[in-house]
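Q: Pasting a structure here, questions to come.
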Amino acid sequence: MKVLVTGGAGYIGSTVCSALLDAGHTPVILDSLVTGQESFTKGRIFYKGDIADSELVGRLLNDHTDIKLVVHCAALIVVPESMEKPYEYYKENVSKSVEFFKTLVNRNVRGVVFSSSASIYDVVENFKVTELAPLNPQSPYARTKFMMEMVLKDFSSAYGLQGIALRYFNPIGADPKLRSGIHVREPSHVVGKLVDCARGKIPKFEVTGVNWPTRDGSGLRDYIHVWDLAKAHVAALEKFTEIFKARDRSDFYEVINLGTGQGVTVKELVSSFERVSGSILNKGEAAPRPGDNAGSYASCERAGHMLGWHAEKSIDDGIRDAIRWGEQRKSVLGYD
């Protein structure tokens with residue numbers, strides 16, 4: 001099958017494209033390269049441009065009339081930055097996505113797998129969240145993901161789109177074949193920061209927030225290998241027709257958590273990193289970043305039932321692949 005992947009030159013989008021290729025499918029990438037890396041598109045079908053450019057999207061769909069499904073990853077994703085630049089986040093993540101979805105409707109492309117986020121959940125007592133857990137997005141970034149879920153749901157009801165919102169927990173690692181990985185020069189992802197600290201690129205790793213109501217005071221997260229995350233997208237696309245078969249228009253929208261089902265604190269992750277890497281890091285503590293909360297981890301039963309998917313790789317695998325990527329990313333990206 002041929003699939004349009006927006007943001008396919010980014011960290012997660014490029015890994016989704018690799019998983020699609022490995023499964024025998026053909027990704028068609030649309031990326032503005034505002035944050036994505038052109039090197040991640042090498043040897044792949046690639047259109048450079050904006051998702052809100054209806055003429056470009058129309059031309060792409062004319063070129064590839066067999067595209068019936070879309071993975072929508074394109075977005076700005078840095079929580080603290082969203083607190084400083086809410087206009088940019090609402091414009092890029094919401095306004096442009098609304099225009100993109102309308103173009104898909106106009107062109108009769110009805111299937112959307114949307115990159116959502118577990119950051120939209122409220123903190124619950126035992127930290128484990130099902131898809132029915134209360135929502136309380138705490139940053140402009142998280143609110144853009146919540147808003148786009150509502151837009152997708154409304155478009156599904158009104159226009160006959162069929163949408164699956166995949167609520168990501170915390171991706172770590174890199175493509176195991178090292179075709180792509182974290183590419184920003186100063187990563188905000190926790191494992192990216194740990195790798196930079198181990199390699200001497202930053203002087204100290206700071207645990208941001210140490211007074212949360214968790215077992216050691218640091219934030220609790222569900223760290224999922226980005227390759228497992230990518231394979232879940234492949235499963236969602238391959239089972240898309242089956243999921244929506246025999247449903248009526250009022251039920252053309254689905255939400256699925258993607259995580260490991262295990263909660264790990266930031267301090268525990270740091271200890272795992274030191275063990276796997278064999279290096280002791282210079283560590284410190286700092287106040288929570290704007291938009292942070294105590295955290296959560298995923299209930300993954302729905303992903304198992306609907307997609308036949310579960311996470312297979314361990315935190316150690318994610319750390320190991322991130323370290324391997326850090327050692328060779330200059331050869332791929334041209335910078336360290």
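Residue names in the structure tokens use chain letters A, B, ... in the order shown, residue numbers from 1 in each chain, and ligand numbers from 1 in the order shown.
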Might you pull out every residue within 8 Å of Phe40 (chain A), with only C-alpha atoms counted and same-chain residues fewer than 3 positions away left off, and present them as an MDAnalysis selection string?

A: chainID A and resid 9:10 14 37 179:180

Q: I need the residues from that last selection saved to file as a PDB file, in the first residue's frame (with C-alpha atoms), if you can.

A:
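Here's the written file result.pdb:
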```pdb
ATOM      1  CA  ALA A   9      11.491  13.841   7.584  1.00  0.00           C
ATOM      2  CA  GLY A  10      11.218  14.163  11.373  1.00  0.00           C
ATOM      3  CA  SER A  14      11.064   9.090   9.326  1.00  0.00           C
ATOM      4  CA  GLN A  37      15.954  16.581   7.880  1.00  0.00           C
ATOM      5  CA  ARG A 179      18.617   5.289   9.155  1.00  0.00           C
ATOM      6  CA  SER A 180      17.354   8.076  11.418  1.00  0.00           C
TER       7      SER A 180
END
```

Q: Contacts of Arg289 (chain A) at 10 Å or less, counting only C-alpha atoms, minus same-chain residues fewer than 4 places along, as a VMD selection string?

A: chain A and resid 79 to 80 83 208 to 209 293

Q: If you keep N, CA and C atoms, can you produce a file of those selected residues as a PDB file, in the first residue's frame?

A:
```
ATOM      1  N   VAL A  79       7.550  21.152  24.334  1.00  0.00           N
ATOM      2  CA  VAL A  79       6.621  21.703  25.330  1.00  0.00           C
ATOM      3  C   VAL A  79       7.062  23.073  25.852  1.00  0.00           C
ATOM      4  N   PRO A  80       8.312  23.240  26.366  1.00  0.00           N
ATOM      5  CA  PRO A  80       8.682  24.570  26.873  1.00  0.00           C
ATOM      6  C   PRO A  80       8.615  25.653  25.798  1.00  0.00           C
ATOM      7  N   MET A  83       5.210  27.079  25.377  1.00  0.00           N
ATOM      8  CA  MET A  83       4.807  28.044  26.403  1.00  0.00           C
ATOM      9  C   MET A  83       5.271  29.451  26.018  1.00  0.00           C
ATOM     10  N   THR A 208      14.564  17.528  35.909  1.00  0.00           N
ATOM     11  CA  THR A 208      13.691  18.692  36.095  1.00  0.00           C
ATOM     12  C   THR A 208      12.424  18.271  36.837  1.00  0.00           C
ATOM     13  N   GLY A 209      12.390  18.629  38.099  1.00  0.00           N
ATOM     14  CA  GLY A 209      11.268  18.271  38.961  1.00  0.00           C
ATOM     15  C   GLY A 209      11.592  17.059  39.808  1.00  0.00           C
ATOM     16  N   ASN A 293       4.341  17.792  34.260  1.00  0.00           N
ATOM     17  CA  ASN A 293       3.504  17.283  35.343  1.00  0.00           C
ATOM     18  C   ASN A 293       4.107  15.991  35.875  1.00  0.00           C
TER      19      ASN A 293
END
```

Q: Do a neighbour search on Gly173 (chain A) at 7 Å with only C-alpha atoms, toss out local chain neighbours closer than 2 positions, and write the hits as a list of chain:residue names.

A: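 So the residues in contact are A:His225, A:Val226, A:Gly318, A:Ile319, A:Asp321, A:Ala322.
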
Q: What does the file look like for those residues with N, CA and C atoms, as a PDB file, in the first residue's frame?

A:
```
ATOM      1  N   HIS A 225      10.203   2.515  22.805  1.00  0.00           N
ATOM      2  CA  HIS A 225      11.182   2.572  21.721  1.00  0.00           C
ATOM      3  C   HIS A 225      10.502   3.109  20.466  1.00  0.00           C
ATOM      4  N   VAL A 226      11.146   4.034  19.787  1.00  0.00           N
ATOM      5  CA  VAL A 226      10.544   4.654  18.606  1.00  0.00           C
ATOM      6  C   VAL A 226      10.264   3.627  17.513  1.00  0.00           C
ATOM      7  N   GLY A 318      16.317   0.831  23.855  1.00  0.00           N
ATOM      8  CA  GLY A 318      16.178   2.220  23.448  1.00  0.00           C
ATOM      9  C   GLY A 318      17.422   3.030  23.754  1.00  0.00           C
ATOM     10  N   ILE A 319      17.976   2.834  24.937  1.00  0.00           N
ATOM     11  CA  ILE A 319      19.200   3.547  25.325  1.00  0.00           C
ATOM     12  C   ILE A 319      20.352   3.140  24.416  1.00  0.00           C
ATOM     13  N   ASP A 321      20.296   1.930  21.352  1.00  0.00           N
ATOM     14  CA  ASP A 321      20.154   2.454  19.991  1.00  0.00           C
ATOM     15  C   ASP A 321      20.383   3.963  19.951  1.00  0.00           C
ATOM     16  N   ALA A 322      19.986   4.672  21.002  1.00  0.00           N
ATOM     17  CA  ALA A 322      20.231   6.114  21.059  1.00  0.00           C
ATOM     18  C   ALA A 322      21.728   6.406  21.123  1.00  0.00           C
TER      19      ALA A 322
END
```

Q: Find the residue from A:Val109, A:Ile51, A:Met306, A:Val123 that sits nearest to Cys73 (chain A); use only C-alpha atoms when measuring.

A: A:Ile51

Q: Which residue gives the smallest distance to Val71 (chain A) among A:Arg247, A:Lys102, A:Lys2, A:Arg324, with only C-alpha atoms counted?

A: A:Lys2

Q: Please identify all polymer residues within 8 Å of Gly58 (chain A), counting only C-alpha atoms, omitting same-chain residues fewer than 3 positions from it, and present them as a list in words.

A: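 Those residues are Ser54, Glu55, Leu61, Asn62, Thr103 and Arg107 of chain A.
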
Q: Residues of region 94-183 of chain A that have any atom at most 9 Å from an atom of region 258-269 of chain A: could you tabulate them with the shortest-distance atom pair and the distance in Å to one decimal, using only C-alpha atoms, ordered by chain and increasing number, as a Markdown table?

A:
```
| residue | atom | partner | partner_atom | distance |
| --- | --- | --- | --- | --- |
| A:Ala118 | CA | A:Leu258 | CA | 8.6 |
| A:Phe127 | CA | A:Gly263 | CA | 8.0 |
| A:Lys128 | CA | A:Gly261 | CA | 8.0 |
| A:Leu166 | CA | A:Leu258 | CA | 6.5 |
| A:Arg167 | CA | A:Leu258 | CA | 5.9 |
| A:Tyr168 | CA | A:Leu258 | CA | 5.1 |
| A:Phe169 | CA | A:Gly259 | CA | 5.5 |
| A:Asn170 | CA | A:Gly259 | CA | 7.6 |
| A:Pro171 | CA | A:Gly259 | CA | 8.6 |
```

Q: Could you check which of A:Leu152, A:Ile67, A:Ala52, A:Ala165 is closest to Val255 (chain A), using only C-alpha atoms?

A: A:Ala165

Q: Mind the document's chain letters and residue numbers, and return as a CSV table (one decimal) with N, CA and C atoms, in the first residue's frame the residues of region 210-278 of chain A that DSSP labels strand (DSSP E).

A:
```csv
chain,number,residue,atom,x,y,z
A,220,LEU,N,7.3,10.5,36.4
A,220,LEU,CA,7.1,9.1,36.0
A,220,LEU,C,6.6,9.1,34.5
A,221,ARG,N,7.3,8.3,33.7
A,221,ARG,CA,6.9,8.3,32.3
A,221,ARG,C,6.9,6.8,31.8
A,223,TYR,N,8.4,5.0,28.7
A,223,TYR,CA,9.4,5.2,27.6
A,223,TYR,C,9.2,4.1,26.6
A,224,ILE,N,8.8,4.4,25.4
A,224,ILE,CA,8.6,3.4,24.4
A,224,ILE,C,9.6,3.6,23.2
A,225,HIS,N,10.2,2.5,22.8
A,225,HIS,CA,11.2,2.6,21.7
A,225,HIS,C,10.5,3.1,20.5
A,253,TYR,N,-14.3,7.3,14.5
A,253,TYR,CA,-13.1,7.8,15.2
A,253,TYR,C,-12.7,6.9,16.3
A,254,GLU,N,-11.4,6.7,16.5
A,254,GLU,CA,-10.9,5.8,17.5
A,254,GLU,C,-9.7,6.4,18.1
A,255,VAL,N,-9.5,6.1,19.4
A,255,VAL,CA,-8.3,6.6,20.2
A,255,VAL,C,-7.6,5.4,20.7
A,256,ILE,N,-6.3,5.3,20.6
A,256,ILE,CA,-5.5,4.2,21.1
A,256,ILE,C,-4.2,4.7,21.7
A,257,ASN,N,-3.9,4.2,22.9
A,257,ASN,CA,-2.6,4.5,23.6
A,257,ASN,C,-1.5,3.7,23.0
A,258,LEU,N,-0.3,4.3,22.9
A,258,LEU,CA,0.9,3.6,22.5
A,258,LEU,C,2.0,3.8,23.5
A,264,VAL,N,8.2,4.3,34.5
A,264,VAL,CA,9.6,4.4,34.9
A,264,VAL,C,9.9,5.9,35.3
A,265,THR,N,10.6,6.1,36.4
A,265,THR,CA,10.9,7.5,36.8
A,265,THR,C,12.1,8.0,36.0
```

Q: Please determine, counting only C-alpha atoms, which residue among A:Phe240, A:Tyr141, A:Tyr121, A:Trp212 has the shortest atom-to-atom distance to Val78 (chain A).

A: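 Smallest separation from Val78 (chain A) among the options: A:Tyr141.
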
Q: Would you mind telling me which residue in A:Ile243, A:Cys197, A:Val5, A:Ile172 lies nearest to Ser314 (chain A) when using only C-alpha atoms?

A: A:Ile172

Q: Find the residues around Ser271 (chain A) up to 12 Å (only C-alpha atoms counted), leave out those fewer than 4 positions away in its own chain, and share them as number ranges by chain.

A: A: 191, 194, 207, 264-267, 275-281, 283, 315-316, 319

Q: Go ahead and write the selection's residues with N, CA and C atoms as a CSV table (one decimal), in the first residue's frame.

A:
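Wrote it out as part.csv, contents follow:
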```
chain,number,residue,atom,x,y,z
A,191,VAL,N,16.4,11.1,26.7
A,191,VAL,CA,17.5,10.3,26.3
A,191,VAL,C,18.5,11.0,25.4
A,194,LEU,N,20.6,12.8,27.7
A,194,LEU,CA,21.6,11.9,28.4
A,194,LEU,C,22.7,11.5,27.5
A,207,VAL,N,17.8,16.7,36.3
A,207,VAL,CA,16.4,16.1,36.5
A,207,VAL,C,15.5,17.2,36.8
A,264,VAL,N,8.2,4.3,34.5
A,264,VAL,CA,9.6,4.4,34.9
A,264,VAL,C,9.9,5.9,35.3
A,265,THR,N,10.6,6.1,36.4
A,265,THR,CA,10.9,7.5,36.8
A,265,THR,C,12.1,8.0,36.0
A,266,VAL,N,12.3,9.3,36.0
A,266,VAL,CA,13.4,9.9,35.3
A,266,VAL,C,14.7,9.4,36.0
A,267,LYS,N,14.7,9.4,37.3
A,267,LYS,CA,15.9,8.9,38.0
A,267,LYS,C,16.2,7.5,37.7
A,275,ARG,N,24.1,2.4,33.5
A,275,ARG,CA,24.4,1.0,33.5
A,275,ARG,C,24.7,0.5,32.1
A,276,VAL,N,23.8,0.9,31.1
A,276,VAL,CA,24.0,0.5,29.7
A,276,VAL,C,25.2,1.1,29.1
A,277,SER,N,25.4,2.4,29.4
A,277,SER,CA,26.5,3.1,28.7
A,277,SER,C,27.9,2.9,29.4
A,278,GLY,N,27.8,2.4,30.7
A,278,GLY,CA,29.1,2.2,31.4
A,278,GLY,C,29.7,3.5,31.8
A,279,SER,N,29.0,4.6,31.9
A,279,SER,CA,29.5,5.9,32.2
A,279,SER,C,28.7,6.5,33.4
A,280,ILE,N,29.3,7.2,34.3
A,280,ILE,CA,28.7,7.9,35.3
A,280,ILE,C,28.5,9.4,34.9
A,281,LEU,N,27.3,9.9,34.9
A,281,LEU,CA,27.1,11.2,34.4
A,281,LEU,C,27.2,12.3,35.5
A,283,LYS,N,25.3,14.9,37.2
A,283,LYS,CA,23.9,15.1,37.3
A,283,LYS,C,23.5,16.2,38.3
A,315,ILE,N,13.7,-0.7,27.6
A,315,ILE,CA,14.4,0.6,27.8
A,315,ILE,C,15.9,0.4,27.5
A,316,ASP,N,16.5,-0.7,27.9
A,316,ASP,CA,17.9,-0.9,27.5
A,316,ASP,C,18.1,-0.8,26.0
A,319,ILE,N,18.0,2.8,24.9
A,319,ILE,CA,19.2,3.5,25.3
A,319,ILE,C,20.4,3.1,24.4
```

Q: Identify which of the residues A:His25, A:Lys48, A:His72, A:His64 lies closest to Thr6 (chain A), counting only C-alpha atoms when measuring atom-to-atom distances.

A: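 Comparing A:His25, A:Lys48, A:His72, A:His64 against Thr6 (chain A), the winner is A:His72.
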
Q: Quick one: residues within 9 Å of Met148 (chain A), only C-alpha atoms counted, chain neighbours fewer than 5 positions away excluded, as a CSV table (one decimal) with C-alpha atoms, in the first residue's frame?

A:
```
chain,number,residue,atom,x,y,z
A,93,ASN,CA,-0.4,22.4,14.7
A,94,VAL,CA,-4.0,23.4,14.5
A,97,SER,CA,-3.9,20.8,10.1
A,98,VAL,CA,-7.5,21.9,9.7
A,114,PHE,CA,-3.0,11.1,13.7
A,116,SER,CA,-1.5,12.6,19.2
A,143,ARG,CA,-3.7,21.6,23.9
A,153,LYS,CA,-13.6,13.5,15.5
```

Q: From region 77-180 of chain A, collect each residue whose DSSP state is alpha helix (DSSP H) and return the set as number ranges by chain.

A: A: 79-84, 86-89, 96-106, 140-159

Q: Which value, in Å to one decimal, gives the distance between CA of Trp227 (chain A) and CA of Gln138 (chain A)?

A: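 So the two atoms, CA of Trp227 (chain A) and CA of Gln138 (chain A), lie 27.2 Å apart.
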